[in-house]
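Coordinates from final_2.txt are shown below (compact mmCIF, C-alpha atoms and all ligand atoms).
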```txt
# COMPACT_ATOMS: atom_id res chain seq x y z
CA MET A 43 153.21 120.26 84.02
CA SER A 44 156.67 121.70 84.34
CA ALA A 45 159.70 119.60 83.72
CA SER A 46 161.09 120.69 87.06
CA ASP A 47 159.16 118.16 89.08
CA ARG A 48 159.50 115.25 86.70
CA GLU A 49 161.39 112.41 88.26
CA SER A 50 163.19 109.41 87.00
CA ARG A 51 162.69 106.05 88.58
CA ALA A 52 165.83 103.97 88.52
CA SER A 53 164.05 100.82 89.59
CA GLU A 54 160.36 100.27 89.03
CA SER A 55 160.30 97.45 91.53
CA SER A 56 161.14 99.69 94.46
CA ARG A 57 158.43 101.53 96.28
CA GLU A 58 158.39 104.07 99.05
CA SER A 59 159.10 102.34 102.33
CA SER A 60 156.42 102.32 104.98
CA THR A 61 156.67 104.74 107.87
CA THR A 62 159.69 103.90 109.98
CA PRO A 63 159.00 103.40 113.67
CA GLU A 64 160.05 106.15 116.07
CA PRO A 65 163.52 105.58 117.52
CA PRO A 66 163.53 105.02 121.27
CA ARG A 67 164.17 108.14 123.35
CA LYS A 68 167.66 107.84 124.72
CA LYS A 69 167.40 110.21 127.62
CA ILE A 70 164.62 111.40 129.91
CA ARG A 71 166.36 113.46 132.66
CA PHE A 72 168.02 116.83 132.09
CA SER A 73 169.31 119.66 134.26
CA THR A 74 166.73 122.22 135.39
CA HIS A 75 168.61 125.03 133.62
CA GLU A 76 168.47 123.22 130.26
CA GLY A 77 165.53 123.12 127.87
CA PRO A 78 163.54 125.69 125.95
CA GLN A 79 163.12 129.25 127.19
CA ILE A 80 159.40 129.76 126.93
CA GLU A 81 159.00 132.70 129.30
CA LEU A 82 159.30 135.33 126.56
CA ARG A 83 156.29 136.36 124.51
CA PRO A 84 156.03 134.86 121.04
CA ILE A 85 156.53 136.99 117.93
CA THR A 86 153.70 137.23 115.41
CA ILE A 87 154.67 136.49 111.82
CA ARG A 88 152.26 137.19 108.96
CA VAL A 89 153.14 134.88 106.10
CA GLY A 90 152.40 134.85 102.38
CA SER A 91 149.90 136.92 100.42
CA THR A 92 147.15 135.66 102.75
CA ASP A 93 148.87 137.00 105.89
CA ASP A 94 148.49 133.66 107.73
CA GLU A 95 149.58 134.24 111.31
CA PHE A 96 152.20 132.17 113.13
CA TYR A 97 153.34 132.66 116.74
CA ILE A 98 156.87 131.57 117.55
CA HIS A 99 159.02 132.23 120.58
CA GLU A 100 161.65 134.83 119.81
CA LYS A 101 164.62 132.84 121.04
CA LEU A 102 163.69 129.90 118.85
CA LEU A 103 162.96 132.13 115.88
CA ARG A 104 166.45 133.63 116.09
CA SER A 105 168.25 130.37 116.83
CA THR A 106 168.91 129.23 113.25
CA SER A 107 167.62 132.00 110.95
CA SER A 108 169.90 134.98 110.35
CA PHE A 109 166.95 136.66 108.61
CA PHE A 110 164.89 136.66 111.82
CA ASP A 111 167.92 137.29 114.01
CA ASN A 112 168.62 140.50 112.08
CA ALA A 113 164.95 141.45 111.92
CA LEU A 114 164.60 141.18 115.70
CA LYS A 115 167.72 143.11 116.68
CA GLU A 116 167.39 145.80 119.37
CA GLY A 117 165.09 148.68 118.54
CA TRP A 118 162.96 146.72 116.10
CA LYS A 119 160.10 145.72 118.38
CA GLU A 120 159.01 149.22 119.36
CA GLY A 121 158.47 150.30 115.76
CA GLN A 122 156.82 147.14 114.45
CA GLY A 123 154.47 146.22 117.29
CA GLY A 124 155.89 142.70 117.56
CA ILE A 125 154.77 141.69 114.05
CA ILE A 126 156.96 140.55 111.15
CA ARG A 127 155.57 140.37 107.63
CA LEU A 128 156.93 137.64 105.40
CA SER A 129 155.25 137.77 102.01
CA GLU A 130 158.09 135.95 100.22
CA VAL A 131 157.40 132.52 101.77
CA GLU A 132 154.29 130.38 101.23
CA PRO A 133 152.38 129.50 104.44
CA ALA A 134 152.53 125.76 103.64
CA ILE A 135 156.33 125.90 103.43
CA PHE A 136 156.58 128.14 106.49
CA THR A 137 154.56 125.53 108.39
CA ILE A 138 157.16 122.90 107.47
CA TRP A 139 159.94 125.23 108.61
CA THR A 140 158.16 125.96 111.92
CA LYS A 141 157.61 122.27 112.64
CA TRP A 142 161.28 121.65 111.88
CA LEU A 143 162.26 124.40 114.32
CA TYR A 144 160.27 122.77 117.11
CA THR A 145 161.09 119.13 116.38
CA GLY A 146 164.15 118.88 114.11
CA ARG A 147 162.10 116.82 111.65
CA MET A 148 160.86 117.45 108.13
CA PHE A 149 157.08 117.07 107.80
CA VAL A 150 156.99 117.01 104.00
CA MET A 151 155.05 113.93 102.90
CA LYS A 152 151.43 114.04 101.75
CA ASP A 153 148.92 111.44 100.56
CA GLY A 154 148.44 111.55 96.79
CA ASP A 155 151.87 113.03 96.13
CA ASP A 156 152.95 110.33 93.70
CA ARG A 157 151.33 110.25 90.28
CA ILE A 158 151.97 109.26 86.68
CA GLY A 159 151.64 112.04 84.08
CA PRO A 160 149.97 111.68 80.67
CA ASP A 161 153.41 111.22 79.14
CA GLY A 162 154.00 108.16 81.33
CA ASP A 163 156.59 109.92 83.48
CA SER A 164 156.27 109.73 87.24
CA TYR A 165 155.96 112.85 89.35
CA SER A 166 155.84 113.60 93.04
CA GLY A 167 154.60 116.69 94.81
CA GLU A 168 157.13 116.03 97.55
CA TRP A 169 159.98 117.04 95.25
CA ASP A 170 158.26 120.39 94.67
CA ARG A 171 157.79 120.83 98.41
CA LEU A 172 161.45 120.07 99.11
CA ARG A 173 162.50 122.45 96.34
CA ASP A 174 160.40 125.21 97.96
CA CYS A 175 161.83 124.34 101.39
CA TYR A 176 165.34 124.78 100.03
CA ALA A 177 164.53 128.14 98.43
CA SER A 178 162.76 129.36 101.59
CA GLY A 179 165.65 128.17 103.76
CA ASP A 180 167.90 130.33 101.62
CA PHE A 181 165.60 133.33 102.00
CA LEU A 182 165.45 132.83 105.78
CA GLN A 183 169.25 132.41 105.82
CA ASP A 184 168.89 129.17 107.73
CA SER A 185 171.79 126.94 106.69
CA ASP A 186 170.77 124.18 109.15
CA PHE A 187 167.35 123.95 107.50
CA LYS A 188 168.97 123.82 104.06
CA ASP A 189 171.21 120.97 105.26
CA ALA A 190 168.13 119.18 106.65
CA THR A 191 166.35 119.65 103.31
CA ILE A 192 169.35 118.10 101.56
CA ASP A 193 169.04 115.11 103.92
CA ALA A 194 165.33 114.82 103.14
CA LEU A 195 166.12 114.84 99.40
CA VAL A 196 168.78 112.14 99.80
CA THR A 197 166.50 110.05 102.02
CA ARG A 198 163.65 110.21 99.53
CA MET A 199 166.00 109.22 96.70
CA VAL A 200 167.28 106.26 98.73
CA GLU A 201 163.83 105.11 99.84
CA THR A 202 162.19 105.36 96.41
CA ASP A 203 165.15 104.83 94.05
CA CYS A 204 163.86 107.89 92.19
CA TYR A 205 165.57 111.21 91.59
CA PRO A 206 164.23 114.53 90.33
CA LEU A 207 165.76 115.54 87.01
CA GLY A 208 165.50 119.15 88.19
CA LEU A 209 167.59 118.64 91.33
CA ALA A 210 170.37 120.96 90.12
CA ARG A 211 167.78 123.63 89.36
CA TYR A 212 166.51 123.35 92.94
CA ILE A 213 169.98 123.83 94.38
CA TYR A 214 172.10 126.01 92.08
CA ASP A 215 169.78 129.02 92.11
CA TYR A 216 169.97 129.21 95.92
CA SER A 217 173.54 128.25 96.73
CA ASN A 218 177.00 129.70 96.19
CA LYS A 219 179.85 128.31 94.17
CA GLY A 220 181.67 125.84 96.40
CA SER A 221 178.54 124.84 98.31
CA ALA A 222 178.59 121.15 99.29
CA HIS A 223 174.89 121.03 98.38
CA ARG A 224 175.86 121.34 94.71
CA GLN A 225 177.94 118.20 95.05
CA LEU A 226 174.73 116.28 95.70
CA ALA A 227 173.29 117.37 92.36
CA ILE A 228 176.58 116.52 90.60
CA ASP A 229 176.92 113.07 92.24
CA THR A 230 173.27 112.26 91.51
CA CYS A 231 173.76 113.03 87.82
CA VAL A 232 177.15 111.37 87.41
CA ARG A 233 176.68 108.30 89.64
CA VAL A 234 172.92 107.67 89.83
CA TRP A 235 171.16 109.01 86.72
CA ASP A 236 169.98 106.42 84.25
CA ARG A 237 172.30 106.98 81.27
CA ASP A 238 169.27 107.43 79.01
CA ASP A 239 168.38 110.53 81.05
CA TYR A 240 171.52 112.32 79.82
CA ALA A 241 169.46 113.40 76.82
CA ASP A 242 167.61 115.65 79.29
CA LEU A 243 170.76 117.54 80.23
CA LEU A 244 170.21 119.98 77.38
CA THR A 245 166.40 120.15 77.59
CA GLU A 246 164.92 123.64 77.40
CA ASP A 247 161.85 124.97 79.18
CA GLU A 248 158.82 126.58 77.51
CA PHE A 249 160.74 129.89 77.25
CA ASN A 250 163.70 128.25 75.52
CA ASN A 251 165.81 128.65 78.62
CA ALA A 252 168.20 125.89 79.47
CA PHE A 253 166.57 123.65 82.05
CA GLN A 254 169.81 122.68 83.74
CA PRO A 255 171.97 125.50 85.13
CA ARG A 256 175.02 126.27 82.99
CA GLN A 257 177.41 125.96 85.92
CA PHE A 258 175.94 122.55 86.73
CA LEU A 259 176.72 121.31 83.20
CA CYS A 260 180.30 122.55 83.61
CA ASP A 261 180.60 120.85 87.01
CA VAL A 262 179.27 117.56 85.63
CA LEU A 263 181.74 117.65 82.75
CA ALA A 264 184.59 118.40 85.17
CA LYS A 265 183.58 115.36 87.23
CA ILE A 266 183.22 113.03 84.26
CA GLY A 267 186.34 114.11 82.34
CA PRO A 268 189.05 112.46 84.50
CA ASN A 269 187.09 109.19 84.43
CA LEU A 270 186.56 108.91 80.70
CA GLU A 271 189.25 106.25 80.31
CA THR A 272 188.07 104.01 83.11
CA GLY A 273 184.34 104.74 82.99
CA ILE A 274 181.81 105.37 85.77
CA LYS A 275 179.34 102.69 86.78
CA GLU A 276 175.73 103.73 87.36
CA LYS A 277 174.25 102.76 90.73
CA ASP A 278 170.77 102.88 92.20
CA ALA A 279 170.33 105.76 94.64
CA GLY A 280 169.73 103.25 97.43
CA LYS A 281 173.11 101.66 96.79
CA PHE A 282 175.13 104.81 96.09
CA PHE A 283 174.06 107.09 98.95
CA ASP A 284 174.84 106.29 102.58
CA LEU A 285 172.31 107.92 104.90
CA ASN A 286 174.88 107.79 107.72
CA ASP A 287 177.33 109.81 105.65
CA THR A 288 175.46 112.85 104.35
CA CYS A 289 177.63 115.52 106.01
CA LYS A 290 179.71 115.63 102.84
CA TYR A 291 176.64 117.27 101.27
CA HIS A 292 176.20 119.77 104.15
CA ASP A 293 177.42 123.35 104.28
CA HIS A 294 178.30 123.55 108.01
CA GLY A 295 181.93 122.71 107.24
CA SER A 296 184.39 121.31 109.76
CA ASP A 297 184.27 124.20 112.26
CA LYS A 298 180.51 124.20 112.95
CA PRO A 299 178.42 121.34 114.35
CA CYS A 300 175.97 119.52 112.12
CA TYR A 301 172.32 120.30 112.85
CA LYS A 302 171.97 116.60 113.72
CA MET A 303 174.36 117.03 116.66
CA LYS A 304 172.44 119.94 118.15
CA PRO A 305 169.82 119.37 120.87
CA ALA A 306 166.21 119.18 119.70
CA PHE A 307 165.33 122.18 121.88
CA ASN A 308 167.85 124.73 120.69
CA PHE A 309 166.23 127.85 122.07
ZN ZN B 401 176.24 117.48 108.71
```

Whole structure, structure tokens version:
Amino acid sequence: MSASDRESRASESSRESSTTPEPPRKKIRFSTHEGPQIELRPITIRVGSTDDEFYIHEKLLRSTSSFFDNALKEGWKEGQGGIIRLSEVEPAIFTIWTKWLYTGRMFVMKDGDDRIGPDGDSYSGEWDRLRDCYASGDFLQDSDFKDATIDALVTRMVETDCYPLGLARYIYDYSNKGSAHRQLAIDTCVRVWDRDDYADLLTEDEFNNAFQPRQFLCDVLAKIGPNLETGIKEKDAGKFFDLNDTCKYHDHGSDKPCYKMKPAFNF
């Protein structure tokens, strides 16, 4: 089992919360010219090494993904017969992305995800899934989906009081310097990590490669340094993170709307 999906549980007493009830729908009536454009034919996408087929309306496909927007620019359709091949993304992760496109929600939980390894450490397959969502969001150049994946990561940390020790590895490989997403990995380490877990900062993988990204270690040191005199108190994830204030970990910046402010049918 790789170290990348090992998690640390800050509080053994906390458990994943039960499914939250659906919020009430606020609005039922809209203008006739609003809503999804479903008149156009869907595009066929063949995904993964198994060429699993997905059919998605073009307007929706291009609404948040620069990868698909570029792929579907004028002149493309005639040559390709309306089919896009996407071998770089796993069908299971593409399914999550497609459901997110249609609903704005992350369908990432699975029965049997949580387990205890032979070493006594706890693991969860959901962390792996969210890691793969983040990497695929980067490949598809969908910054809204990456922001939504960050929210799913924060929400899981808050609801379980666990955090993946490989969080920085998830994020740093697929983000640029200055990305607000990196701040989530830094804050989690500096403010939430159990202090005993700091021994893992310099852990190496089976190929003797540093497990934590070098830049992440520098960023953590830069965050800790100014506070050495006064100290930094460790907090449980549920107490440190505020689910109503996650935009500080989003990359949309101040000039673009958050994905949460966009209508559910954005095509
Ligand atoms: Zn936001």

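All residues, whether protein, DNA or RNA, that have an atom at most 8 Å from ligand ZN 401 (chain B) (counting all atoms listed in the file) are Asp189, Thr288, Cys289, Lys290, Tyr291, His292, Asp293, His294, Gly295, Pro299, Cys300, Tyr301 and Lys302 of chain A.
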
*What residues have an atom no more than 6 Å from (161.5, 137.4, 119.0) in the file's own frame, counting all atoms listed in the file, and can you write them as a PyMOL selection string?*
chain A and resi 85+99-101+114

*In Å, how far is it from CA of Lys281 in chain A to CA of Asp203 in chain A?*
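It comes out at 9.0 Å.
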
_Ranking A:Ile125, A:Ile274, A:Asp163, A:Ser108 by minimum distance to Gly179 in chain A and counting only C-alpha atoms, which one comes first?_
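Counting only C-alpha atoms, the residue closest to Gly179 in chain A is A:Ser108.
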
*asked:* Under the rule that only C-alpha atoms are counted, which of A:Leu82, A:Leu285, A:Ala227, A:Ala134 is the nearest residue to Glu95 in chain A?
replied: A:Ala134

_Nearest-residue call for Ile126 in chain A, choices A:Asn112, A:Ser178, A:Thr86, A:Ser91, using all atoms listed in the file_ =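 Among A:Asn112, A:Ser178, A:Thr86, A:Ser91, it is A:Thr86 that comes nearest to Ile126 in chain A.
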
*For Gln254 in chain A, please output as a VMD selection string all residues within 8 Å (counting only C-alpha atoms; exclusion window: fewer than 5 positions along the same chain).*
chain A and resid 208 210 to 211 243 to 245 259

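The interatomic distance for the pair CA of Thr140 in chain A and CA of Arg171 in chain A works out to 14.5 Å.
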
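Across the structure, CA of Ile266 in chain A and CA of Val232 in chain A are spaced 7.0 Å apart.
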
*With all atoms listed in the file as the basis for distance, which of A:Asp153, A:Asp170, A:Glu130, A:Asp297 is at the shortest distance from Val89 in chain A?*
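Smallest separation from Val89 in chain A among the options: A:Glu130.
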
*Smallest atom-to-atom distance to Glu168 in chain A: which of A:Pro133, A:Tyr205, A:Lys188, A:Ser217, using all atoms listed in the file?*
A:Tyr205

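Counting all atoms listed in the file, Glu276 in chain A has the following residues at most 9 Å away, ignoring those fewer than 4 positions along the same chain: Val232, Arg233, Val234, Trp235, Asp236, Arg237 and Phe282 of chain A.
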
*From the list A:Thr92, A:Gln225, A:Thr197, A:Thr191, which residue is nearest Leu128 in chain A when using only C-alpha atoms?*
A:Thr92

All file atoms of range 261-279 of chain A boxed axis-aligned, 6 Å per side, centre plus edges, as AutoDock Vina command-line options:
```
--center_x 179.8 --center_y 111.8 --center_z 87.5 --size_x 30.9 --size_y 30.2 --size_z 26.3
```

*So which residues fall inside 7 Å of (167.9, 130.0, 97.1) if we count all atoms listed in the file? Mind giving them as number ranges by chain?*
A: 176-178, 180-181, 215-217
